[in-house]
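File shown here: run-v6.cif, holding mmCIF, C-alpha atoms and all ligand atoms.
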data_work
loop_
_atom_site.label_atom_id
_atom_site.label_comp_id
_atom_site.auth_asym_id
_atom_site.auth_seq_id
_atom_site.Cartn_x
_atom_site.Cartn_y
_atom_site.Cartn_z
CA MET S 1 20.52 -0.51 2.34
CA HIS S 2 18.80 2.61 3.58
CA SER S 3 17.85 4.89 0.69
CA ASP S 4 19.82 7.68 2.28
CA ALA S 5 23.16 5.98 2.76
CA MET S 6 24.37 6.87 6.20
CA HIS S 7 26.85 9.69 6.08
CA ASP S 8 29.86 9.38 8.32
CA GLU S 9 28.92 12.59 10.11
CA ALA S 10 25.11 12.40 10.35
CA PRO S 11 23.98 11.07 13.74
CA HIS S 12 21.76 7.99 13.65
CA ILE S 13 20.10 5.84 16.28
CA LEU S 14 19.09 2.21 16.46
CA ALA S 15 15.54 2.10 15.04
CA PRO S 16 13.00 1.34 17.79
CA TYR S 17 11.65 -1.57 15.69
CA VAL S 18 14.93 -3.49 15.94
CA ARG S 19 14.83 -6.41 18.33
CA VAL S 20 17.45 -9.13 18.66
CA GLY S 21 17.14 -12.72 19.77
CA VAL S 22 18.84 -16.10 19.62
CA GLN S 23 17.10 -19.18 18.27
CA ASP S 24 18.65 -22.45 17.05
CA ALA S 25 22.23 -21.17 17.54
CA THR S 26 21.48 -18.17 15.32
CA LEU S 27 21.37 -14.53 16.35
CA PHE S 28 18.54 -12.73 14.63
CA LEU S 29 19.03 -9.04 14.05
CA GLY S 30 15.60 -7.54 13.57
CA PHE S 31 12.39 -9.45 12.94
CA GLY S 32 9.81 -9.32 10.16
CA SER S 33 10.98 -8.95 6.57
CA ILE S 34 14.21 -7.19 7.66
CA ARG S 35 15.30 -10.18 9.79
CA GLN S 36 18.99 -11.02 9.35
CA PRO S 37 20.28 -14.35 10.66
CA VAL S 38 23.83 -14.15 12.02
CA ARG S 39 25.37 -17.60 12.46
CA ASN S 40 28.96 -16.45 12.89
CA ARG S 41 29.18 -16.37 16.67
CA SER S 42 32.30 -14.19 16.73
CA LEU S 43 30.17 -11.41 15.28
CA TRP S 44 27.49 -11.54 17.97
CA GLU S 45 29.16 -9.51 20.68
CA PRO S 46 30.60 -6.79 18.40
CA LEU S 47 27.20 -6.50 16.72
CA LEU S 48 25.35 -6.22 20.02
CA ARG S 49 27.92 -3.73 21.38
CA LEU S 50 27.39 -1.64 18.28
CA ALA S 51 23.57 -1.87 18.53
CA ASP S 52 23.84 -0.89 22.19
CA HIS S 53 26.07 2.06 21.34
CA PHE S 54 23.47 3.30 18.82
CA LEU S 55 20.82 3.54 21.56
CA GLU S 56 22.14 7.10 21.71
CA PRO S 57 22.68 9.22 18.58
CA ARG S 58 26.08 8.44 17.02
CA THR S 59 27.83 9.04 13.78
CA ARG S 60 29.18 6.07 11.85
CA ARG S 61 32.74 7.09 12.60
CA GLU S 62 32.09 7.57 16.34
CA ALA S 63 30.50 4.14 16.60
CA SER S 64 33.23 2.43 14.64
CA ASP S 65 35.98 4.13 16.70
CA HIS S 66 34.22 3.18 19.93
CA LEU S 67 34.00 -0.47 18.93
CA ARG S 68 37.72 -0.62 18.16
CA ALA S 69 39.04 1.55 21.00
CA SER S 70 36.79 0.44 23.88
CA HIS S 71 36.22 -3.21 22.96
CA GLY S 72 39.31 -4.12 20.94
CA VAL S 73 37.32 -5.13 17.86
CA ASP S 74 39.42 -5.27 14.67
CA ALA S 75 38.57 -2.97 11.76
CA THR S 76 37.21 -5.76 9.50
CA THR S 77 34.84 -7.08 12.15
CA ALA S 78 33.74 -3.56 13.08
CA GLU S 79 32.94 -2.87 9.42
CA ALA S 80 31.05 -6.17 9.04
CA ALA S 81 28.92 -5.35 12.09
CA MET S 82 28.24 -1.85 10.79
CA LEU S 83 27.18 -3.17 7.37
CA LEU S 84 24.77 -5.62 8.99
CA LEU S 85 23.09 -2.79 10.89
CA GLU S 86 22.90 -0.63 7.78
CA SER S 87 21.69 -3.29 5.35
CA GLY S 88 18.87 -4.29 7.69
CA ASN S 89 17.54 -0.69 7.83
CA CYS S 90 18.38 -0.83 11.54
CA LEU S 91 19.74 2.71 11.80
CA ILE S 92 17.54 5.75 11.27
CA PRO S 93 18.25 9.50 11.38
CA THR S 94 17.93 10.81 14.93
CA HIS S 95 15.00 13.15 14.21
CA THR S 96 12.85 10.50 12.46
CA TYR S 97 10.99 9.21 15.48
CA ASP S 98 8.99 11.77 17.42
CA ARG S 99 6.52 9.96 19.61
CA ALA S 100 4.25 13.01 19.81
CA ASP S 101 3.83 13.21 16.02
CA ARG S 102 0.55 11.69 14.81
CA TYR S 103 2.35 9.84 11.98
CA SER S 104 5.31 8.64 14.07
CA ARG S 105 4.43 4.94 14.03
CA HIS S 106 3.88 5.02 10.27
CA ALA S 107 7.24 6.81 9.97
CA LEU S 108 8.88 3.75 11.54
CA PHE S 109 7.06 1.52 9.06
CA TYR S 110 8.45 3.55 6.14
CA GLU S 111 11.97 3.49 7.59
CA LEU S 112 11.63 -0.27 8.05
CA SER S 113 11.21 -0.58 4.27
CA GLY S 114 14.31 1.55 3.68
CA ALA S 115 12.55 4.80 2.76
CA ASP S 116 13.02 8.28 4.17
CA ALA S 117 9.91 8.71 6.33
CA GLU S 118 9.79 12.49 6.05
CA ARG S 119 9.73 12.35 2.26
CA VAL S 120 7.12 9.60 2.23
CA GLN S 121 4.84 11.63 4.50
CA ARG S 122 5.28 14.74 2.38
CA ARG S 123 4.43 12.82 -0.82
CA LEU S 124 1.28 11.45 0.83
CA SER S 125 0.19 14.91 2.00
CA GLU S 126 0.61 16.20 -1.55
CA SER S 127 -1.43 13.36 -3.09
CA HIS S 128 -5.01 13.30 -4.31
CA VAL S 129 -6.93 10.04 -4.58
CA VAL S 130 -10.34 9.62 -6.25
CA LEU S 131 -12.40 6.73 -4.90
CA LEU S 132 -15.18 5.38 -7.09
CA GLY S 133 -17.39 3.60 -4.58
CA CYS S 134 -17.79 4.38 -0.87
CA GLY S 135 -19.13 1.00 0.22
CA GLY S 136 -17.49 -1.82 2.17
CA ILE S 137 -14.12 -1.52 0.46
CA GLY S 138 -14.15 2.15 -0.58
CA SER S 139 -15.07 3.49 2.85
CA LEU S 140 -12.42 1.41 4.63
CA MET S 141 -9.76 2.38 2.10
CA ALA S 142 -10.80 6.03 2.47
CA VAL S 143 -10.38 6.04 6.25
CA THR S 144 -7.05 4.23 5.96
CA LEU S 145 -5.73 6.78 3.45
CA ALA S 146 -7.14 9.80 5.30
CA THR S 147 -5.68 8.79 8.65
CA ALA S 148 -2.33 7.98 6.98
CA GLY S 149 -2.16 11.61 5.84
CA VAL S 150 -3.18 11.52 2.17
CA GLY S 151 -3.92 15.18 1.40
CA GLU S 152 -7.06 15.07 -0.75
CA LEU S 153 -9.75 12.44 -1.26
CA THR S 154 -12.63 12.72 -3.70
CA LEU S 155 -15.39 10.31 -2.69
CA VAL S 156 -17.74 9.30 -5.48
CA ASP S 157 -20.94 7.34 -4.78
CA SER S 158 -24.60 7.96 -5.58
CA ASP S 159 -25.85 5.40 -3.03
CA HIS S 160 -27.48 6.10 0.31
CA VAL S 161 -26.62 4.28 3.53
CA GLU S 162 -28.81 1.22 4.15
CA LEU S 163 -29.26 -0.81 7.32
CA SER S 164 -27.81 -3.90 5.56
CA ASN S 165 -24.53 -1.98 4.92
CA LEU S 166 -23.64 -1.77 8.62
CA THR S 167 -22.04 -5.24 8.81
CA ARG S 168 -19.00 -3.90 6.92
CA GLN S 169 -19.27 -0.15 6.32
CA PHE S 170 -18.18 0.58 9.86
CA LEU S 171 -17.93 4.34 9.58
CA PHE S 172 -21.71 4.59 9.14
CA THR S 173 -24.17 4.25 12.01
CA GLU S 174 -27.91 3.62 12.22
CA SER S 175 -28.49 7.35 12.32
CA ASP S 176 -26.80 7.66 8.89
CA VAL S 177 -29.33 5.36 7.20
CA GLY S 178 -30.81 7.26 4.26
CA LEU S 179 -27.93 9.77 3.97
CA PRO S 180 -25.74 9.91 0.85
CA LYS S 181 -22.72 7.66 1.51
CA ALA S 182 -20.24 10.13 0.00
CA GLU S 183 -21.36 12.86 2.40
CA ALA S 184 -21.55 10.71 5.53
CA LEU S 185 -18.09 9.36 4.73
CA SER S 186 -16.61 12.83 4.18
CA ARG S 187 -17.95 13.91 7.56
CA GLU S 188 -16.33 10.91 9.28
CA LEU S 189 -12.97 11.43 7.53
CA ARG S 190 -12.84 15.09 8.59
CA ARG S 191 -13.52 14.04 12.18
CA ARG S 192 -10.58 11.64 12.07
CA ASN S 193 -8.08 13.83 10.26
CA PRO S 194 -9.02 17.49 9.72
CA SER S 195 -5.96 18.03 7.52
CA CYS S 196 -7.37 15.64 4.90
CA GLY S 197 -9.49 17.40 2.29
CA ALA S 198 -12.52 15.13 1.74
CA HIS S 199 -14.72 16.04 -1.23
CA PRO S 200 -18.03 14.18 -1.63
CA VAL S 201 -19.50 13.64 -5.09
CA ALA S 202 -22.93 12.03 -4.75
CA HIS S 203 -23.32 11.11 -8.42
CA ASP S 204 -23.08 8.01 -10.55
CA VAL S 205 -20.20 7.44 -12.92
CA ALA S 206 -22.07 6.08 -15.93
CA ALA S 207 -20.06 7.46 -18.85
CA SER S 208 -16.50 8.52 -19.56
CA THR S 209 -17.61 12.17 -19.52
CA ASP S 210 -18.49 11.67 -15.82
CA LEU S 211 -14.85 10.66 -15.25
CA GLU S 212 -13.62 13.74 -17.10
CA HIS S 213 -15.61 15.95 -14.73
CA LEU S 214 -13.84 14.55 -11.69
CA PRO S 215 -10.76 16.41 -10.42
CA GLU S 216 -7.36 15.32 -11.67
CA SER S 217 -5.75 12.93 -9.23
CA ASP S 218 -2.60 10.94 -8.60
CA LEU S 219 -4.51 7.69 -8.33
CA LEU S 220 -8.03 6.40 -8.81
CA VAL S 221 -9.51 3.47 -6.88
CA VAL S 222 -12.43 1.48 -8.26
CA SER S 223 -14.40 -0.44 -5.66
CA ALA S 224 -17.80 -0.13 -7.34
CA ASP S 225 -19.11 -2.93 -9.52
CA SER S 226 -21.37 -1.39 -12.17
CA PRO S 227 -21.06 -3.23 -15.53
CA GLY S 228 -18.28 -1.95 -17.77
CA LEU S 229 -16.89 0.46 -15.16
CA THR S 230 -13.41 -1.06 -14.89
CA LYS S 231 -12.95 -1.05 -18.68
CA MET S 232 -14.13 2.55 -18.91
CA VAL S 233 -11.90 3.69 -16.03
CA ASN S 234 -8.93 1.88 -17.57
CA ALA S 235 -9.39 3.66 -20.92
CA HIS S 236 -9.74 7.01 -19.13
CA CYS S 237 -6.72 6.44 -16.89
CA VAL S 238 -4.47 5.19 -19.70
CA ALA S 239 -5.43 8.24 -21.82
CA SER S 240 -4.83 10.66 -18.94
CA GLU S 241 -1.81 8.69 -17.65
CA THR S 242 -3.34 8.35 -14.20
CA ALA S 243 -2.56 5.34 -12.00
CA TRP S 244 -5.54 3.26 -10.92
CA LEU S 245 -6.32 0.21 -8.84
CA ASN S 246 -9.29 -2.12 -8.56
CA ALA S 247 -10.22 -3.58 -5.17
CA CYS S 248 -13.14 -5.93 -4.73
CA TYR S 249 -14.22 -9.33 -3.52
CA VAL S 250 -15.38 -12.32 -5.49
CA ASN S 251 -17.85 -13.89 -3.08
CA ASP S 252 -15.43 -15.08 -0.35
CA ILE S 253 -12.16 -14.09 -2.09
CA ALA S 254 -10.57 -10.71 -1.29
CA VAL S 255 -9.16 -9.28 -4.52
CA TRP S 256 -7.00 -6.31 -5.40
CA GLY S 257 -5.02 -5.16 -8.39
CA PRO S 258 -3.63 -4.81 -10.85
CA LEU S 259 -2.16 -1.47 -9.90
CA VAL S 260 -2.11 0.09 -13.36
CA VAL S 261 0.56 2.72 -13.86
CA PRO S 262 0.17 3.76 -17.51
CA GLY S 263 3.47 3.56 -19.37
CA PHE S 264 5.04 1.39 -16.67
CA THR S 265 2.77 -1.63 -16.12
CA GLY S 266 0.22 -3.74 -17.92
CA CYS S 267 -3.32 -2.36 -18.06
CA TRP S 268 -6.74 -3.91 -17.52
CA ASP S 269 -6.98 -4.72 -21.25
CA CYS S 270 -3.53 -6.32 -21.59
CA ARG S 271 -4.89 -9.64 -20.32
CA THR S 272 -8.33 -11.17 -19.89
CA LEU S 273 -8.84 -10.97 -16.14
CA THR S 274 -12.49 -11.86 -15.62
CA ALA S 275 -14.98 -14.29 -17.14
CA ARG S 276 -17.13 -12.93 -19.98
CA PRO S 277 -20.05 -14.30 -21.99
CA PRO S 278 -19.02 -15.86 -25.33
CA GLU S 279 -18.92 -13.17 -28.00
CA ASP S 280 -19.55 -15.18 -31.18
CA ASP S 281 -21.94 -17.82 -29.87
CA GLU S 282 -25.16 -18.22 -31.84
CA SER S 283 -26.94 -20.43 -29.32
CA ASP S 284 -28.89 -19.14 -26.35
CA VAL S 285 -25.84 -19.45 -24.07
CA ALA S 286 -25.08 -15.73 -23.79
CA ALA S 287 -28.73 -14.88 -23.15
CA LEU S 288 -29.02 -17.62 -20.54
CA ILE S 289 -25.84 -16.47 -18.77
CA ALA S 290 -27.25 -12.94 -18.62
CA ARG S 291 -30.55 -14.30 -17.27
CA VAL S 292 -28.90 -16.40 -14.55
CA ASN S 293 -26.52 -13.60 -13.54
CA GLY S 294 -29.29 -11.03 -13.56
CA ARG S 295 -30.45 -11.93 -10.06
CA TYR S 296 -26.95 -12.09 -8.54
CA GLN S 297 -26.57 -10.56 -5.09
CA ALA S 298 -23.06 -10.57 -3.63
CA PRO S 299 -22.60 -12.24 -0.21
CA SER S 300 -20.66 -9.29 1.19
CA ASN S 301 -18.82 -9.97 4.41
CA GLY S 302 -17.10 -7.57 6.80
CA PRO S 303 -13.79 -9.41 7.27
CA VAL S 304 -13.43 -10.11 3.50
CA ASN S 305 -14.05 -6.42 2.77
CA MET S 306 -11.45 -5.50 5.40
CA LEU S 307 -8.91 -7.89 3.89
CA ALA S 308 -9.26 -6.52 0.34
CA SER S 309 -9.40 -2.89 1.46
CA SER S 310 -6.40 -3.10 3.78
CA LEU S 311 -4.10 -4.77 1.23
CA ALA S 312 -5.27 -2.42 -1.53
CA ALA S 313 -4.81 0.65 0.71
CA LEU S 314 -1.28 -0.45 1.60
CA ASP S 315 -0.45 -0.64 -2.10
CA VAL S 316 -1.92 2.83 -2.66
CA LEU S 317 0.28 4.19 0.15
CA ARG S 318 3.34 2.38 -1.24
CA HIS S 319 2.72 3.81 -4.69
CA LEU S 320 2.00 7.38 -3.60
CA GLY S 321 4.62 7.50 -0.85
CA ARG S 322 7.16 5.53 -2.90
CA PHE S 323 8.22 3.11 -0.20
CA GLY S 324 8.57 -0.64 -0.73
CA THR S 325 6.99 -2.18 -3.84
CA PRO S 326 3.21 -2.45 -4.33
CA ALA S 327 2.23 -6.14 -4.21
CA SER S 328 -0.30 -5.64 -7.01
CA LEU S 329 2.11 -4.13 -9.51
CA ASN S 330 1.57 -6.09 -12.76
CA ARG S 331 -0.69 -8.59 -11.06
CA ARG S 332 -4.13 -9.19 -9.68
CA VAL S 333 -4.09 -10.94 -6.33
CA GLY S 334 -6.82 -12.88 -4.56
CA VAL S 335 -6.77 -14.15 -0.98
CA TRP S 336 -9.15 -17.08 -0.61
CA SER S 337 -10.59 -16.47 2.82
CA HIS S 338 -11.72 -20.06 3.40
CA ASP S 339 -8.22 -21.63 3.25
CA LEU S 340 -5.80 -18.69 2.73
CA THR S 341 -4.77 -19.78 -0.76
CA LEU S 342 -3.13 -16.94 -2.69
CA ASP S 343 -4.33 -16.62 -6.28
CA GLN S 344 -2.34 -14.47 -8.69
CA GLN S 345 -2.96 -13.39 -12.27
CA SER S 346 -0.01 -11.88 -14.08
CA VAL S 347 -0.83 -8.60 -15.82
CA GLN S 348 2.39 -7.97 -17.71
CA ARG S 349 2.20 -5.37 -20.42
CA ASP S 350 1.02 -6.62 -23.84
CA PRO S 351 2.88 -4.67 -26.55
CA ALA S 352 -0.12 -5.25 -28.86
CA CYS S 353 -2.76 -4.06 -26.34
CA ASP S 354 -5.42 -1.93 -28.07
CA THR S 355 -5.64 0.39 -25.08
CA CYS S 356 -2.09 1.01 -23.87
CA ALA S 357 0.30 -0.06 -26.67
CA SER S 358 0.69 3.50 -27.97
CA LEU S 359 2.11 4.71 -24.64
CA ILE S 360 5.87 4.94 -24.83
CA PRO S 361 7.42 2.62 -22.26
CA SER S 362 9.26 4.51 -19.60
CA PRO S 363 12.98 3.71 -19.37
CA GLN S 364 12.65 2.96 -15.66
CA SER S 365 10.14 0.43 -14.48
CA GLU S 366 8.07 1.17 -11.40
CA GLY S 367 9.47 -1.89 -9.66
CA SER S 368 13.05 -0.67 -9.85
CA ARG S 369 12.52 2.77 -8.37
ZN ZN P 1 -2.85 -2.62 -21.98
#

Take the structure in the file and give it back as structure tokens.
Amino acid sequence: MHSDAMHDEAPHILAPYVRVGVQDATLFLGFGSIRQPVRNRSLWEPLLRLADHFLEPRTRREASDHLRASHGVDATTAEAAMLLLESGNCLIPTHTYDRADRYSRHALFYELSGADAERVQRRLSESHVVLLGCGGIGSLMAVTLATAGVGELTLVDSDHVELSNLTRQFLFTESDVGLPKAEALSRELRRRNPSCGAHPVAHDVAASTDLEHLPESDLLVVSADSPGLTKMVNAHCVASETAWLNACYVNDIAVWGPLVVPGFTGCWDCRTLTARPPEDDESDVAALIARVNGRYQAPSNGPVNMLASSLAALDVLRHLGRFGTPASLNRRVGVWSHDLTLDQQSVQRDPACDTCASLIPSPQSEGSR
């Protein structure tokens, strides 16, 4: 059901994303995740007449009256057809779709999920995201968020653009080689959406005091891989009750999550999410692991970076705009690029977690908003 239940007197139209078709003796109303199969053939014509009538702005009452008066449809059938249209998010307020608006296609996407597009867009424009890391994943997430209308982005990275970055950090060009990534990225974001405030910070985040010096934000994204960073960010974000999300790749697996919303979800420390050296081992194992891992160089690949960054950015938009449900809420997800296996680690809240147990659980979980 649409979040704004359709008032009898507010004019609506059939959403432009609604298509209908018949396959295997079933009428499908809408495609994608809103698809509704209608097997009852006596409903087909009333439903299609109603959809057709909503090609022009109509109120619920007008449409229902039309169906009964002009086509002799009984009240029960007319109501059933109307409920099908409404429950599939098929009807949207008349003003929602303005082709000339730069966000109009995204507005349809938000309506498709049952949200009020205008409110979603306003929430995004009022949001501030801090990105730690402006590399393959951070730069692609940044451009996705900036062009979607997120109001403020703080871009944190002390690295400079290198020639070997250009296979995946597509916003940089050969002429950017040697420039600070945070600054080159800010320049590109402003070119693409001048209404997005892009703030470069060309420094390392090495200690929690560095995090405290960053501006307050609605969400923090970690796509940098310096040792201990995720644990440090988690402690900072739980203490400041700031949402945060990790996005990365593990060789050829695109990984994102968990989306940590302190007080609502599990945190990075609620579960063991990554392999660690043994802590109480007296042999040389820990030292040998450190030695072997010391020369690790990630095989970073453009498409795998795109996969992780796009799914992570969609979750950031869902969280900030409050439409749909972020896929990485309470879980860490990996897409294995070689065979499309989906790997999921549950990150439910641990009531005994050293980091987040003291936060009072909110009465309403994020998933039920
Ligand atoms: Zn925790």

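Considering only C-alpha atoms, the residue among S:Cys237, S:Cys267, S:Leu153, S:Ile137 positioned nearest to Pro200 of chain S is S:Leu153.
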
Determine, for each residue of chain S having at least one atom at most 6 Å from an atom of ligand ZN 1 (chain P), the closest pair of atoms and their separation in Å to one decimal, counting all atoms listed in the file; order by chain and ascending number, as a Markdown table.
| residue | atom | partner | partner_atom | distance |
| --- | --- | --- | --- | --- |
| S:Gly266 | CA | P:ZN1 | ZN | 5.2 |
| S:Cys267 | CA | P:ZN1 | ZN | 4.0 |
| S:Asp269 | CA | P:ZN1 | ZN | 4.7 |
| S:Cys270 | CA | P:ZN1 | ZN | 3.8 |
| S:Arg349 | CA | P:ZN1 | ZN | 6.0 |
| S:Asp350 | CA | P:ZN1 | ZN | 5.9 |
| S:Cys353 | CA | P:ZN1 | ZN | 4.6 |
| S:Thr355 | CA | P:ZN1 | ZN | 5.1 |
| S:Cys356 | CA | P:ZN1 | ZN | 4.2 |

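Residue nearest Thr272 of chain S within the list S:Ser346, S:Leu108, S:Ala115, S:Gly32: S:Ser346 [criterion: smallest interatomic distance, all atoms listed in the file].
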
What box, with edges along x, y and z, holds each listed atom of segment 139-142 of chain S when 8 Å is added on every side, and can you state its centre and edge lengths in Å to one decimal, as JSON?
{"center_x": -12.4, "center_y": 3.7, "center_z": 3.4, "size_x": 21.3, "size_y": 20.6, "size_z": 18.5}

Best match for closeness to Ala184 of chain S among S:Gly135, S:Gly72, S:Pro262, S:Gly324, counting all atoms listed in the file: S:Gly135

- prompt: Looking at S:Leu320, S:His66, S:Thr59, S:His12, which one is nearest to Gly149 of chain S, with distances taken over all atoms listed in the file?
  reply: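 So, comparing all the options, the nearest one is S:Leu320.
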
task: Take atom CA of Cys90 of chain S and atom CA of Leu124 of chain S and report the distance between them in Å, one decimal.
output: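 Distance reported for this atom pair: 23.6 Å.
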
task: To one decimal in Å, tell me the separation between atom CA of Lys181 of chain S and atom CA of Cys248 of chain S.
output: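 Atom CA of Lys181 of chain S sits 17.8 Å away from atom CA of Cys248 of chain S.
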
query: Excluding same-chain residues fewer than 6 positions from Glu118 of chain S, what lies within 10 Å of it counting only C-alpha atoms, as a list in words?
result: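 So the residues in contact are His95, Thr96, Tyr103, Ser104, Ala107, Tyr110, Glu111 and Gly321 of chain S.
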
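If you measure from each of S:His128, S:Arg41, S:Arg191, S:Arg61 to Val150 of chain S using all atoms listed in the file, the closest one turns out to be S:His128.
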
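Between atom CA of Leu48 of chain S and atom CA of Ile13 of chain S there is a distance of 13.7 Å.
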